[in-house]
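Peer 1: The file below is input23.cif, mmCIF, C-alpha atoms:
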```cif
data_start
#
loop_
_atom_site.label_atom_id
_atom_site.label_comp_id
_atom_site.auth_asym_id
_atom_site.auth_seq_id
_atom_site.Cartn_x
_atom_site.Cartn_y
_atom_site.Cartn_z
CA MET A 1 5.20 -17.41 -19.87
CA ALA A 2 5.73 -15.72 -23.20
CA ALA A 3 4.96 -12.04 -23.56
CA THR A 4 2.65 -12.26 -26.54
CA ALA A 5 3.18 -9.84 -29.42
CA GLU A 6 0.24 -7.62 -28.46
CA ARG A 7 1.42 -7.45 -24.82
CA ARG A 8 5.04 -6.55 -25.64
CA ILE A 9 5.91 -3.06 -24.57
CA GLY A 10 8.88 -0.77 -24.87
CA LEU A 11 9.86 2.24 -22.78
CA GLN A 12 10.70 5.78 -23.73
CA PHE A 13 12.30 8.37 -21.45
CA ASP A 14 12.20 11.86 -23.00
CA GLN A 15 14.42 14.49 -21.37
CA VAL A 16 13.49 13.22 -17.96
CA GLU A 17 14.57 15.05 -14.85
CA LYS A 18 13.75 13.91 -11.35
CA ARG A 19 14.42 16.06 -8.32
CA TYR A 20 14.02 15.25 -4.63
CA GLY A 21 14.08 18.74 -3.16
CA ALA A 22 17.48 20.19 -3.99
CA VAL A 23 18.90 16.83 -5.07
CA CYS A 24 18.73 16.04 -8.79
CA ALA A 25 18.52 12.22 -9.11
CA LEU A 26 18.15 12.17 -12.91
CA ARG A 27 19.04 15.00 -15.28
CA ASN A 28 17.88 15.39 -18.84
CA LEU A 29 17.81 11.65 -19.44
CA THR A 30 16.68 10.40 -22.84
CA LEU A 31 16.59 6.66 -23.32
CA SER A 32 14.66 4.46 -25.71
CA ILE A 33 14.17 0.80 -24.80
CA PRO A 34 12.47 -1.20 -27.54
CA ALA A 35 10.07 -4.02 -26.63
CA GLY A 36 11.85 -7.28 -25.91
CA GLU A 37 15.19 -5.75 -24.97
CA CYS A 38 17.06 -6.80 -21.81
CA VAL A 39 18.98 -3.82 -20.46
CA ALA A 40 21.51 -3.81 -17.64
CA ILE A 41 21.66 -0.47 -15.84
CA ALA A 42 24.94 0.02 -14.01
CA GLY A 43 26.30 2.84 -11.91
CA ARG A 44 27.60 3.73 -8.50
CA ASN A 45 25.38 4.22 -5.46
CA GLY A 46 23.28 7.34 -5.97
CA SER A 47 23.75 7.40 -9.74
CA GLY A 48 19.97 7.24 -10.33
CA LYS A 49 19.37 3.55 -11.09
CA THR A 50 16.55 3.05 -8.59
CA THR A 51 14.91 6.35 -9.57
CA LEU A 52 15.01 5.26 -13.22
CA LEU A 53 13.28 1.97 -12.37
CA ARG A 54 10.64 3.66 -10.18
CA LEU A 55 9.92 6.11 -13.00
CA ALA A 56 9.61 3.18 -15.41
CA ALA A 57 7.08 1.58 -13.04
CA GLN A 58 5.24 4.93 -12.82
CA LEU A 59 5.54 4.81 -9.03
CA ILE A 60 6.95 8.34 -9.18
CA ARG A 61 6.40 11.15 -11.67
CA PRO A 62 9.25 12.96 -13.39
CA SER A 63 9.86 16.56 -12.32
CA ARG A 64 10.34 17.36 -16.01
CA GLY A 65 10.10 15.36 -19.24
CA ARG A 66 8.03 12.29 -19.99
CA VAL A 67 8.11 8.53 -19.47
CA SER A 68 5.90 6.56 -21.84
CA TYR A 69 5.24 2.96 -22.81
CA CYS A 70 5.55 2.10 -26.48
CA ALA A 71 3.13 -0.35 -28.10
CA ALA A 72 0.87 -0.48 -25.05
CA ALA A 73 -2.76 0.32 -25.78
CA GLU A 74 -3.68 3.94 -25.13
CA ASN A 75 -4.62 4.56 -21.47
CA GLU A 76 -3.97 0.92 -20.66
CA LYS A 77 -1.78 0.25 -17.65
CA PRO A 78 0.70 -2.44 -18.69
CA HIS A 79 1.37 -5.32 -16.34
CA ILE A 80 4.70 -4.63 -14.66
CA GLY A 81 6.73 -6.96 -12.47
CA PHE A 82 8.97 -5.07 -10.06
CA VAL A 83 11.58 -6.40 -7.65
CA ALA A 84 12.95 -3.53 -5.57
CA HIS A 85 15.36 -3.16 -2.65
CA ALA A 86 12.44 -3.74 -0.29
CA THR A 87 10.72 -7.08 -0.74
CA MET A 88 7.21 -5.63 -1.24
CA VAL A 89 5.63 -8.58 0.57
CA TYR A 90 3.80 -8.78 3.90
CA ASP A 91 5.72 -10.18 6.87
CA GLU A 92 2.48 -11.13 8.63
CA LEU A 93 1.27 -13.33 5.76
CA THR A 94 2.67 -16.69 4.69
CA ALA A 95 4.52 -17.07 1.38
CA ALA A 96 1.45 -18.70 -0.22
CA GLU A 97 -0.95 -16.08 1.22
CA ASN A 98 1.23 -13.27 -0.12
CA LEU A 99 1.30 -14.74 -3.61
CA PHE A 100 -2.45 -15.56 -3.61
CA PHE A 101 -3.21 -12.02 -2.46
CA PHE A 102 -1.17 -10.36 -5.21
CA ALA A 103 -2.46 -12.89 -7.78
CA LYS A 104 -6.03 -11.90 -6.86
CA LEU A 105 -5.24 -8.19 -7.21
CA ALA A 106 -3.56 -8.70 -10.56
CA GLY A 107 -6.40 -10.92 -11.80
CA VAL A 108 -4.10 -13.84 -12.53
CA PRO A 109 -6.11 -16.66 -14.10
CA HIS A 110 -5.82 -20.09 -12.38
CA ALA A 111 -4.12 -18.35 -9.46
CA SER A 112 -3.73 -21.47 -7.34
CA ASN A 113 -1.85 -23.35 -10.09
CA ARG A 114 0.35 -20.35 -10.82
CA VAL A 115 1.15 -19.77 -7.13
CA GLY A 116 1.99 -23.47 -6.65
CA GLN A 117 4.18 -23.46 -9.75
CA LEU A 118 6.11 -20.35 -8.67
CA LEU A 119 6.58 -21.62 -5.10
CA ARG A 120 8.07 -24.82 -6.55
CA GLU A 121 10.31 -22.86 -8.90
CA VAL A 122 11.70 -20.59 -6.18
CA GLY A 123 12.20 -23.58 -3.89
CA LEU A 124 9.76 -22.50 -1.21
CA GLU A 125 7.08 -25.18 -1.56
CA ASP A 126 8.05 -26.72 1.79
CA ARG A 127 7.82 -23.35 3.53
CA LYS A 128 4.73 -22.04 1.74
CA ASP A 129 2.70 -21.93 4.98
CA SER A 130 5.38 -20.19 7.03
CA LEU A 131 5.07 -16.49 7.80
CA VAL A 132 7.42 -14.39 5.68
CA ARG A 133 8.79 -12.72 8.83
CA THR A 134 10.40 -16.07 9.74
CA PHE A 135 12.31 -16.16 6.42
CA SER A 136 15.95 -15.28 5.76
CA ARG A 137 16.78 -12.34 3.46
CA GLY A 138 17.39 -14.71 0.55
CA MET A 139 14.08 -16.51 1.06
CA ARG A 140 12.24 -13.19 1.22
CA GLN A 141 13.92 -12.19 -2.03
CA ARG A 142 12.68 -15.42 -3.61
CA VAL A 143 9.10 -14.60 -2.53
CA ALA A 144 9.60 -11.10 -3.97
CA ILE A 145 10.75 -12.55 -7.29
CA ALA A 146 7.80 -14.97 -7.37
CA ARG A 147 5.45 -12.01 -6.68
CA ALA A 148 6.92 -10.04 -9.57
CA LEU A 149 6.55 -12.97 -11.97
CA LEU A 150 2.95 -13.82 -10.95
CA GLY A 151 1.05 -12.07 -13.72
CA GLU A 152 3.48 -12.97 -16.53
CA PRO A 153 4.42 -9.31 -16.92
CA ALA A 154 5.34 -7.72 -20.23
CA LEU A 155 7.83 -5.41 -18.46
CA LEU A 156 10.13 -6.61 -15.70
CA LEU A 157 12.07 -4.19 -13.51
CA PHE A 158 14.67 -5.76 -11.26
CA ASP A 159 16.62 -3.61 -8.81
CA GLU A 160 19.66 -5.67 -7.86
CA PRO A 161 17.73 -8.94 -8.02
CA GLY A 162 20.62 -11.08 -6.79
CA THR A 163 20.54 -9.48 -3.30
CA GLY A 164 20.60 -12.23 -0.69
CA LEU A 165 20.32 -15.06 -3.20
CA ASP A 166 22.61 -18.08 -2.94
CA ALA A 167 24.39 -19.48 -6.02
CA GLU A 168 21.61 -21.97 -6.75
CA SER A 169 18.84 -19.36 -6.58
CA SER A 170 20.87 -16.89 -8.67
CA SER A 171 21.34 -19.58 -11.27
CA TRP A 172 17.61 -20.37 -11.28
CA LEU A 173 16.81 -16.66 -11.64
CA ALA A 174 19.25 -16.27 -14.51
CA GLY A 175 17.68 -19.26 -16.28
CA HIS A 176 14.17 -17.91 -15.73
CA LEU A 177 15.11 -14.43 -16.94
CA ARG A 178 16.73 -15.96 -20.02
CA THR A 179 13.44 -17.72 -20.87
CA LEU A 180 11.51 -14.49 -20.32
CA ARG A 181 13.99 -12.50 -22.41
CA ASP A 182 13.77 -15.03 -25.24
CA SER A 183 9.97 -14.90 -25.12
CA GLY A 184 10.01 -11.15 -25.77
CA CYS A 185 9.60 -9.73 -22.27
CA THR A 186 11.23 -6.31 -21.81
CA ILE A 187 13.63 -6.44 -18.87
CA LEU A 188 15.49 -3.68 -17.00
CA LEU A 189 18.09 -4.87 -14.52
CA SER A 190 19.83 -2.55 -12.12
CA LEU A 191 23.14 -4.20 -11.26
CA HIS A 192 26.35 -3.40 -9.45
CA GLY A 193 28.77 -5.78 -11.11
CA GLU A 194 29.32 -8.57 -13.58
CA SER A 195 27.30 -11.71 -12.82
CA GLU A 196 25.42 -14.55 -14.47
CA ILE A 197 22.32 -12.35 -14.46
CA ALA A 198 24.24 -9.41 -15.99
CA ARG A 199 25.38 -11.58 -18.89
CA LEU A 200 21.74 -11.99 -19.98
CA ALA A 201 21.57 -8.32 -20.92
CA THR A 202 21.59 -7.47 -24.61
CA ARG A 203 22.42 -3.85 -23.83
CA GLY A 204 24.29 -2.04 -21.09
CA VAL A 205 23.62 1.49 -19.86
CA ARG A 206 25.82 3.21 -17.31
CA LEU A 207 24.53 6.11 -15.25
CA ASP A 208 26.64 8.66 -13.47
CA ALA A 209 25.17 11.49 -11.41
CA GLY A 210 21.77 10.97 -13.06
CA SER A 211 22.97 11.02 -16.67
CA VAL A 212 23.69 8.28 -19.20
CA VAL A 213 27.46 8.13 -19.68
CA ALA A 214 27.65 4.86 -21.62
CA ASP A 215 25.15 2.92 -23.74
CA THR A 216 26.40 -0.13 -25.55
CA ARG A 217 25.35 -3.38 -27.15
CA SER A 218 28.81 -4.64 -28.05
CA GLY A 219 30.40 -7.44 -26.01
CA ALA A 220 33.76 -5.82 -25.27
CA MET A 221 32.27 -2.44 -24.39
CA PHE A 222 29.54 -4.14 -22.36
CA GLN A 223 32.06 -5.33 -19.74
CA SER A 224 33.21 -1.75 -19.27
CA ILE A 225 29.84 -0.44 -18.02
CA PHE A 226 30.45 -2.19 -14.70
CA VAL A 227 33.88 -0.59 -14.29
CA TYR A 228 33.49 2.70 -12.48
CA ALA A 229 36.19 5.32 -12.50
CA GLY A 230 37.82 5.38 -9.11
CA GLY A 231 36.25 2.12 -7.96
CA MET B 1 -16.16 -4.70 -10.86
CA ALA B 2 -12.35 -4.82 -10.73
CA LEU B 3 -12.47 -2.00 -8.17
CA LEU B 4 -14.79 -3.97 -5.89
CA SER B 5 -12.98 -7.29 -6.26
CA ASN B 6 -9.62 -5.59 -5.58
CA ALA B 7 -11.10 -3.79 -2.58
CA ALA B 8 -12.54 -7.09 -1.29
CA ALA B 9 -9.15 -8.84 -1.62
CA LEU B 10 -7.42 -5.93 0.15
CA LEU B 11 -10.05 -5.86 2.91
CA GLU B 12 -9.61 -9.59 3.47
CA LYS B 13 -5.84 -9.03 3.80
CA GLU B 14 -6.32 -6.16 6.27
CA VAL B 15 -8.67 -8.23 8.43
CA ARG B 16 -6.48 -11.33 8.24
CA THR B 17 -3.30 -9.49 9.26
CA GLU B 18 -5.07 -7.60 12.08
CA PHE B 19 -6.77 -10.66 13.55
CA ARG B 20 -3.48 -12.54 13.30
CA SER B 21 -1.51 -9.92 15.23
CA ARG B 22 -4.41 -8.18 17.09
CA GLU B 23 -1.96 -5.31 17.67
CA LEU B 24 -4.29 -2.51 16.72
CA LEU B 25 -7.51 -3.79 18.29
CA SER B 26 -6.03 -4.81 21.62
CA THR B 27 -4.11 -1.55 22.03
CA THR B 28 -7.08 0.60 21.08
CA VAL B 29 -9.60 -1.26 23.24
CA VAL B 30 -7.33 -1.00 26.31
CA PHE B 31 -6.71 2.69 25.62
CA VAL B 32 -10.41 3.56 25.18
CA LEU B 33 -11.30 1.51 28.25
CA ILE B 34 -8.85 3.58 30.31
CA VAL B 35 -10.26 6.82 28.85
CA VAL B 36 -13.88 5.85 29.65
CA VAL B 37 -12.97 4.72 33.19
CA VAL B 38 -11.02 7.96 33.84
CA PHE B 39 -13.99 10.00 32.54
CA SER B 40 -16.36 8.11 34.83
CA PHE B 41 -14.21 8.83 37.90
CA THR B 42 -13.63 12.45 36.91
CA PHE B 43 -17.29 13.32 36.38
CA ASP B 44 -18.88 10.96 38.92
CA PRO B 45 -22.06 10.92 36.83
CA THR B 46 -25.60 10.70 38.05
CA SER B 47 -28.14 9.40 35.57
CA SER B 48 -29.45 12.81 34.41
CA GLU B 49 -25.95 14.26 33.93
CA SER B 50 -24.91 11.18 31.96
CA HIS B 51 -27.61 11.76 29.35
CA ARG B 52 -26.41 15.35 28.95
CA PHE B 53 -22.65 15.04 28.62
CA GLY B 54 -22.24 11.26 28.18
CA PRO B 55 -22.50 11.26 24.35
CA GLY B 56 -19.82 13.96 24.09
CA LEU B 57 -17.45 11.96 26.28
CA LEU B 58 -18.26 8.80 24.34
CA TRP B 59 -17.46 10.36 20.96
CA MET B 60 -14.32 11.98 22.39
CA ALA B 61 -13.17 8.51 23.48
CA PHE B 62 -13.96 7.18 19.98
CA LEU B 63 -11.97 10.04 18.46
CA PHE B 64 -8.95 9.09 20.61
CA ALA B 65 -9.43 5.49 19.50
CA ALA B 66 -9.55 6.55 15.85
CA SER B 67 -6.42 8.71 16.03
CA LEU B 68 -4.57 5.75 17.55
CA MET B 69 -6.00 3.25 15.08
CA LEU B 70 -5.64 5.24 11.88
CA GLN B 71 -1.96 6.15 12.23
CA PRO B 72 -0.52 2.72 11.33
CA CYS B 73 -2.80 1.96 8.38
CA PHE B 74 -0.34 3.38 5.83
CA LEU B 75 2.79 3.21 8.01
CA ARG B 76 2.47 -0.59 7.94
CA GLU B 77 2.71 -0.48 4.15
CA GLN B 78 6.02 1.38 4.34
CA ALA B 79 7.98 -1.30 6.20
CA ASN B 80 8.53 -3.42 3.08
CA ASP B 81 7.31 -0.87 0.53
CA THR B 82 4.17 -2.97 0.02
CA LEU B 83 2.27 0.18 -0.97
CA SER B 84 4.28 0.25 -4.21
CA ALA B 85 3.36 -3.39 -4.85
CA LEU B 86 -0.31 -2.54 -4.26
CA ARG B 87 -0.13 0.46 -6.60
CA LEU B 88 1.39 -1.72 -9.30
CA ALA B 89 -1.17 -4.50 -8.82
CA VAL B 90 -4.48 -2.63 -8.64
CA GLY B 91 -6.09 -0.92 -11.61
CA ASP B 92 -7.72 1.83 -9.56
CA PRO B 93 -5.86 3.18 -6.49
CA PHE B 94 -9.24 4.00 -4.92
CA ALA B 95 -9.50 0.25 -4.19
CA ILE B 96 -6.64 0.67 -1.68
CA PHE B 97 -8.49 3.50 0.07
CA LEU B 98 -11.82 1.70 -0.04
CA ALA B 99 -10.37 -1.39 1.64
CA LYS B 100 -8.55 0.63 4.30
CA ILE B 101 -11.66 2.74 5.01
CA PHE B 102 -13.84 -0.36 5.44
CA ALA B 103 -11.20 -2.10 7.55
CA ASN B 104 -10.77 0.97 9.79
CA THR B 105 -14.55 1.35 10.09
CA LEU B 106 -14.86 -2.30 11.04
CA PHE B 107 -12.11 -2.11 13.67
CA LEU B 108 -13.50 1.16 15.04
CA LEU B 109 -17.02 -0.28 15.21
CA LEU B 110 -15.73 -3.35 17.04
CA THR B 111 -14.01 -1.13 19.60
CA GLU B 112 -17.16 0.99 19.96
CA LEU B 113 -19.39 -2.04 20.41
CA LEU B 114 -17.08 -3.39 23.09
CA MET B 115 -17.08 -0.02 24.84
CA LEU B 116 -20.86 0.59 24.77
CA PRO B 117 -21.74 -1.84 27.60
CA VAL B 118 -18.80 -0.58 29.69
CA PHE B 119 -19.94 3.01 29.15
CA ALA B 120 -23.57 2.09 29.97
CA ALA B 121 -22.50 0.45 33.23
CA LEU B 122 -20.10 3.19 34.35
CA PHE B 123 -22.37 6.09 33.39
CA ASN B 124 -25.60 4.44 34.47
CA VAL B 125 -27.36 4.74 31.10
CA SER B 126 -29.28 2.24 29.00
CA PHE B 127 -28.99 1.95 25.24
CA ALA B 128 -31.30 -1.04 24.83
CA ALA B 129 -34.38 0.86 23.62
CA GLN B 130 -32.46 3.03 21.17
CA LEU B 131 -30.00 0.37 20.00
CA PRO B 132 -30.86 0.49 16.24
CA GLY B 133 -30.51 4.30 16.22
CA ILE B 134 -27.26 4.15 18.21
CA LEU B 135 -25.85 1.51 15.84
CA LEU B 136 -26.79 3.57 12.77
CA THR B 137 -25.13 6.67 14.28
CA LEU B 138 -22.02 4.70 15.21
CA LEU B 139 -21.83 3.24 11.69
CA LEU B 140 -22.17 6.57 9.88
CA GLY B 141 -19.96 8.45 12.35
CA SER B 142 -17.25 5.78 12.21
CA LEU B 143 -17.40 5.67 8.41
CA GLY B 144 -16.88 9.44 8.29
CA ILE B 145 -14.02 9.33 10.81
CA SER B 146 -12.37 6.45 8.89
CA THR B 147 -12.74 8.13 5.50
CA VAL B 148 -11.18 11.42 6.61
CA GLY B 149 -8.65 9.63 8.81
CA THR B 150 -7.52 7.21 6.11
CA ALA B 151 -6.91 10.07 3.68
CA LEU B 152 -4.95 12.00 6.29
CA ALA B 153 -3.02 8.87 7.30
CA ALA B 154 -1.90 8.52 3.67
CA ILE B 155 -0.68 12.13 3.70
CA SER B 156 0.99 12.02 7.10
CA ALA B 157 2.72 8.66 6.42
CA GLN B 158 4.99 10.42 3.93
CA ALA B 159 5.69 13.43 6.11
CA ARG B 160 8.22 14.14 8.81
CA MET B 161 6.77 14.34 12.34
CA ARG B 162 4.01 12.04 11.11
CA GLU B 163 2.96 11.04 14.64
CA LEU B 164 2.04 14.66 15.38
CA LEU B 165 0.66 15.52 11.98
CA LEU B 166 -2.26 13.08 11.89
CA PRO B 167 -4.00 14.16 15.14
CA LEU B 168 -3.29 17.78 14.24
CA LEU B 169 -5.03 17.47 10.86
CA LEU B 170 -7.68 15.04 12.06
CA LEU B 171 -9.30 17.14 14.79
CA PRO B 172 -10.38 20.19 12.76
CA LEU B 173 -11.62 18.13 9.82
CA LEU B 174 -13.59 15.76 12.01
CA THR B 175 -15.28 18.48 14.03
CA PRO B 176 -18.49 18.54 11.91
CA ILE B 177 -18.85 14.75 12.07
CA LEU B 178 -18.21 14.70 15.82
CA VAL B 179 -20.64 17.54 16.53
CA VAL B 180 -23.45 15.95 14.49
CA SER B 181 -22.78 12.44 15.85
CA THR B 182 -22.82 13.78 19.41
CA GLU B 183 -26.06 15.71 18.84
CA VAL B 184 -27.79 12.67 17.32
CA THR B 185 -26.59 10.51 20.24
CA VAL B 186 -27.78 13.12 22.80
CA ARG B 187 -31.27 13.04 21.27
CA LEU B 188 -31.26 9.25 21.25
CA MET B 189 -30.26 9.13 24.93
CA SER B 190 -32.77 11.79 25.97
CA PRO B 191 -35.92 10.60 27.81
CA ASP B 192 -38.04 10.76 24.63
CA GLY B 193 -35.28 8.82 22.76
CA VAL B 194 -36.03 10.04 19.24
CA ILE B 195 -33.80 9.60 16.23
CA GLU B 196 -32.85 12.89 14.63
CA TRP B 197 -33.10 12.11 10.92
CA LYS B 198 -31.73 15.49 9.94
CA GLY B 199 -28.50 14.63 11.75
CA ILE B 200 -28.43 11.18 10.15
CA GLY B 201 -28.86 12.86 6.75
CA LEU B 202 -25.97 15.22 7.54
CA LEU B 203 -23.73 12.31 8.51
CA LEU B 204 -24.67 10.54 5.26
CA ALA B 205 -23.86 13.72 3.32
CA PHE B 206 -20.47 14.10 5.08
CA ASP B 207 -19.58 10.49 4.29
CA ALA B 208 -20.65 10.83 0.65
CA VAL B 209 -18.71 14.09 0.16
CA PHE B 210 -15.48 12.80 1.76
CA LEU B 211 -15.67 9.49 -0.16
CA THR B 212 -16.20 11.36 -3.45
CA VAL B 213 -13.25 13.68 -2.78
CA LEU B 214 -11.08 10.68 -2.01
CA TRP B 215 -12.27 8.89 -5.15
CA LEU B 216 -11.34 11.94 -7.25
CA PHE B 217 -8.01 12.87 -5.65
CA GLY B 218 -6.90 9.78 -3.71
CA GLU B 219 -4.41 8.75 -6.40
CA TYR B 220 -2.30 11.84 -5.69
CA LEU B 221 -2.15 11.06 -1.98
CA LEU B 222 -0.43 7.74 -2.66
CA GLU B 223 2.35 9.21 -4.78
CA GLU B 224 5.80 9.59 -3.31
#
```
As structure tokens, what does this structure read like?
Peer 2:
Amino acid sequence: MAATAERRIGLQFDQVEKRYGAVCALRNLTLSIPAGECVAIAGRNGSGKTTLLRLAAQLIRPSRGRVSYCAAAENEKPHIGFVAHATMVYDELTAAENLFFFAKLAGVPHASNRVGQLLREVGLEDRKDSLVRTFSRGMRQRVAIARALLGEPALLLFDEPGTGLDAESSSWLAGHLRTLRDSGCTILLSLHGESEIARLATRGVRLDAGSVVADTRSGAMFQSIFVYAGG
Amino acid sequence: MALLSNAAALLEKEVRTEFRSRELLSTTVVFVLIVVVVFSFTFDPTSSESHRFGPGLLWMAFLFAASLMLQPCFLREQANDTLSALRLAVGDPFAIFLAKIFANTLFLLLTELLMLPVFAALFNVSFAAQLPGILLTLLLGSLGISTVGTALAAISAQARMRELLLPLLLLPLLTPILVVSTEVTVRLMSPDGVIEWKGIGLLLAFDAVFLTVLWLFGEYLLEE
């Protein structure tokens, strides 16, 4: 589970701008995230949190500026675990088939053990042979989290990971993220408010209209990143 | 090796999901069956006429089948943003294209093989003597159609008016493949029933060129 020293990676955003037509989602954003840091990204709807995470995953390219991985071998694509708004799993496959499929693609060693272990951890062992389309939103989210954790990623990107999760699952996720954080995994969490998961963060960044308006590591200031002016 | 193993895993997923739902195959087979039956009533073919214009009608029906079949191949990945998960998981994005091309070729070939006996019965022609040549032409033609179609499906999936865009882009680009495939099939169905190796070579060249272009530039087609 530990992100070994040679696999630890940091992230660097250099004067990044991302435009979708006339809309500027991120403007002149510079942010350095050292390897092993757990960062909570807060901000209102449309502040650029999801765009920041998709840029970090290299799913989109910046319109200007550069996003780079620190400490990753040159030209090597780091293993990234990403939980987005959409579940990124196939409705027409079972929970186990989904995880086996993504484990195969990611070249996860001992895939069957790893899939079994994750299904147990997310509490879906009894439903492993059920099609994902028969699952509730919370159960789908648990499959999505298991998919993201499959390859023991060195960089985890979670876009509002608590969506649809009940208290027990949220608590499990917080515990699992704590273990990953302590093992040196770099974690970016996009969050809307204070929660058990948010308290894991060692740093808080608040975005507003695509720019960083607060960046703090101190406890008292940290609370304030979730307080938005006017709401 | 990672490219091939990723493509194999993706192909297995494509086949598994299609044979589980059978949405694409059943719809396409019914559609092509209707097209072939309508053609047979419209032209009321005698045996000699069938050999002349039959291959053209056959490949036109296969083109309709392809335009119906290719549209959902990337749209399906958008429902839960699974394309992003695939892009994160595979080392080489060409593996995604390779799997989709082979899956589309397989589904198209299945439809074609189901339609051949129906076409033979309705148009009073026999393929038995030229079956190896017909199968080779179907394979190479379908591979070409799938390669071009899969690339265009990736482009159109991200566009507005995507349902119109794919057939609009598909027809002009597939014209060379359709013309050559039809000519090879006409020669095969002629009384002397010879295989036109020059045409087969052209189909091979088309497939190789389109696959190479996709290998070089496919990554950009998957970006948002």
Peer 1: List the residues selected by the PyMOL selection byres ((chain A) within 6 of (chain B)) in the file shown, writing them as a list in words.
Peer 2: Ala86, Thr87, Met88, Val89, Leu105 and Ala106 of chain A
Peer 1: Would you translate the PyMOL selection byres ((chain A and resi 127) around 12) into the concrete set of residues it matches in this file, as a ChimeraX atom specification?
Peer 2: /A:94-97,116,119-120,122-126,128-136,139-140,142-143
Peer 1: With a distance cut-off of 9 Å and all atoms listed in the file, select the neighbouring residues of stretch 186-188 of chain B, excluding the residue or stretch itself and same-chain residues fewer than 3 positions from it, and output the selection as a PyMOL selection string.
Peer 2: chain B and resi 51-56+127+130+133-134+181-183+191-196
Peer 1: May I ask for the distance between atom CA of A:Gly151 and atom CA of A:Leu173, given in Å to one decimal place?
Peer 2: 16.5 Å
Peer 1: To one decimal place in Å, what is the distance between atom CA of B:Gly144 and atom CA of B:Ile177?
Peer 2: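 Interatomic distance, atom CA of B:Gly144 to atom CA of B:Ile177: 6.8 Å.
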Peer 1: A:Ser47, A:Val23, A:Gly36, A:Cys70: which is nearest A:Ser211, counting only C-alpha atoms?
Peer 2: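 So, comparing all the options, the nearest one is A:Ser47.
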Peer 1: May I ask for the distance between atom CA of B:Leu108 and atom CA of B:Ser146, given in Å to one decimal place?
Peer 2: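 So the answer is 8.2 Å.
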Peer 1: Selection in question (the file shown): the PyMOL selection byres ((chain B and resi 202) around 12). Which residues does it include, as a list of chain:residue names?
Peer 2: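 Listing what the PyMOL selection byres ((chain B and resi 202) around 12) selects in the shown file: B:Thr137, B:Leu140, B:Gly141, B:Gly144, B:Pro176, B:Ile177, B:Leu178, B:Val179, B:Val180, B:Ser181, B:Glu183, B:Val184, B:Glu196, B:Trp197, B:Lys198, B:Gly199, B:Ile200, B:Gly201, B:Leu203, B:Leu204, B:Ala205, B:Phe206, B:Asp207, B:Ala208, B:Val209.
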Peer 1: For the selection you just gave me, I'd like the residues written to a file as a CSV table (one decimal), in the coordinates of the input, keeping C-alpha atoms.
Peer 2:
```csv
chain,number,residue,atom,x,y,z
B,137,THR,CA,-25.1,6.7,14.3
B,140,LEU,CA,-22.2,6.6,9.9
B,141,GLY,CA,-20.0,8.4,12.4
B,144,GLY,CA,-16.9,9.4,8.3
B,176,PRO,CA,-18.5,18.5,11.9
B,177,ILE,CA,-18.8,14.8,12.1
B,178,LEU,CA,-18.2,14.7,15.8
B,179,VAL,CA,-20.6,17.5,16.5
B,180,VAL,CA,-23.4,16.0,14.5
B,181,SER,CA,-22.8,12.4,15.8
B,183,GLU,CA,-26.1,15.7,18.8
B,184,VAL,CA,-27.8,12.7,17.3
B,196,GLU,CA,-32.8,12.9,14.6
B,197,TRP,CA,-33.1,12.1,10.9
B,198,LYS,CA,-31.7,15.5,9.9
B,199,GLY,CA,-28.5,14.6,11.8
B,200,ILE,CA,-28.4,11.2,10.2
B,201,GLY,CA,-28.9,12.9,6.8
B,203,LEU,CA,-23.7,12.3,8.5
B,204,LEU,CA,-24.7,10.5,5.3
B,205,ALA,CA,-23.9,13.7,3.3
B,206,PHE,CA,-20.5,14.1,5.1
B,207,ASP,CA,-19.6,10.5,4.3
B,208,ALA,CA,-20.6,10.8,0.6
B,209,VAL,CA,-18.7,14.1,0.2
```
Peer 1: Find the residues around A:Thr202 up to 12 Å (only C-alpha atoms counted), leave out those fewer than 3 positions away in its own chain, and share them as a PyMOL selection string.
Peer 2: chain A and resi 33-34+36-41+178+181-182+186-189+197-199+205+215-219+221-223
Peer 1: Which polymer residues, protein or nucleic acid, are no farther than 6 Å from (1.5, -11.4, -14.6), counting only C-alpha atoms, as JSON, numbers by chain?
Peer 2: {"A": [149, 150, 151, 152, 153]}
Peer 1: Keeping C-alpha atoms, export the residues of the selection given above as a CSV table (one decimal), in the frame of the given file.
Peer 2:
```
chain,number,residue,atom,x,y,z
A,149,LEU,CA,6.6,-13.0,-12.0
A,150,LEU,CA,3.0,-13.8,-11.0
A,151,GLY,CA,1.0,-12.1,-13.7
A,152,GLU,CA,3.5,-13.0,-16.5
A,153,PRO,CA,4.4,-9.3,-16.9
```
Peer 1: Around stretch 131-142 of chain B, fit a box with edges along x, y and z, padding it by 6 Å on each side, then list its centre and edge lengths in Å to one decimal as JSON.
Peer 2:
```
{"center_x": -24.1, "center_y": 4.4, "center_z": 14.9, "size_x": 25.6, "size_y": 20.1, "size_z": 22.1}
```
